[in-house]
Amino acid sequence: MHATAEETVQARLILSAHRSARLRVTLTYRTDDPLAVRMAFPGEFSLDEPAGPAGPEAGDIVWVFARRLLAGGLELPSGVGDVHVRPGPGRSALVELRAPEGTALVRFDATDLRHFLWRSRLLVPEGEEHLHLDADSALAQLLG
């Protein structure tokens with residue numbers, strides 16, 4: 001039996017030094033993928049209205065990365081490659097997402113991310129992820 005922790009939080013997509021757009025981002029943690037977190041961003045949004053419905057929808061852009069990266073980035077700059085997380089000004093955290101099409105910088109309230117991580121750790125405590133891994137299923141997915 002697999003369990004899920006999911007929260008929809010407000011974030012800001014940083015467009016420039018003086019402009020940002022409000023986003024609703026859905027954070028998901030699943031016990032059947034215990035090392036990862038998912039951030040679902042709306043595929044389309046307006047600069048005037050909060051973007052995206054509550055909960056992941058078809059057309060959302062979903063980034064999957066290590067839960068440890070998200071947790072570590074709340075304290076110190078973390079990440080190599082496509083995803084970087086670092087403390088931001090005040091009580092914020094910054095998530096930088098890099099793709100061939102460009103880079104997005106998203107500011108979150110760090111308290112929201114900490115609460116989500118706390119809920120994920122209620123499902124699978126840190127350091128016990130290996131107890132929830134299904135190696136046979138993972139291998140079958142890799143081999144198609």
# chains A, B, ... in the order shown; residues from 1 in each chain; ligands from 1
>>> residues_around(residues="Asp60 of chain A", least_positions_apart="6", cutoff="7 Å", atoms="only C-alpha atoms", output="list of chain:residue names")
A:Ala40, A:Phe41, A:Pro42, A:Gly43
>>> select_by_dssp(residues="segment 16-50 of chain A", states="strand (DSSP E)", output="list of chain:residue names")
A:Ser20, A:Ala21, A:Arg22, A:Leu23, A:Arg24, A:Val25, A:Thr26, A:Leu27, A:Thr28, A:Tyr29, A:Arg30, A:Ala36, A:Val37, A:Arg38, A:Met39, A:Ala40, A:Phe41
>>> atom_distance(atom1="atom CA of Leu105 of chain A", atom2="atom CA of Ala21 of chain A")
10.9 Å
>>> closest_residue(among="A:Pro100, A:Leu123, A:Phe108, A:Ala36", to="Arg68 of chain A", atoms="only C-alpha atoms")
A:Ala36
>>> residues_around(residues="Arg30 of chain A", least_positions_apart="2", cutoff="7 Å", atoms="only C-alpha atoms", output="count of residues only")
7
>>> closest_residue(among="A:Ile61, A:Leu122, A:Ala110, A:Leu97", to="Gln10 of chain A", atoms="only C-alpha atoms")
A:Ala110
>>> residues_around(residues="segment 93-95 of chain A", least_positions_apart="4", cutoff="7 Å", atoms="only C-alpha atoms", output="ChimeraX atom specification")
/A:74,84-88,105-110
>>> closest_residue(among="A:Leu23, A:Val83, A:Ala71, A:Val37", to="Glu6 of chain A", atoms="only C-alpha atoms")
A:Val37
>>> atom_distance(atom1="atom CA of Glu101 of chain A", atom2="atom CA of Val9 of chain A")
24.8 Å
>>> closest_residue(among="A:Val124, A:Leu117, A:Ala104, A:Leu70", to="Ile14 of chain A", atoms="only C-alpha atoms")
A:Ala104
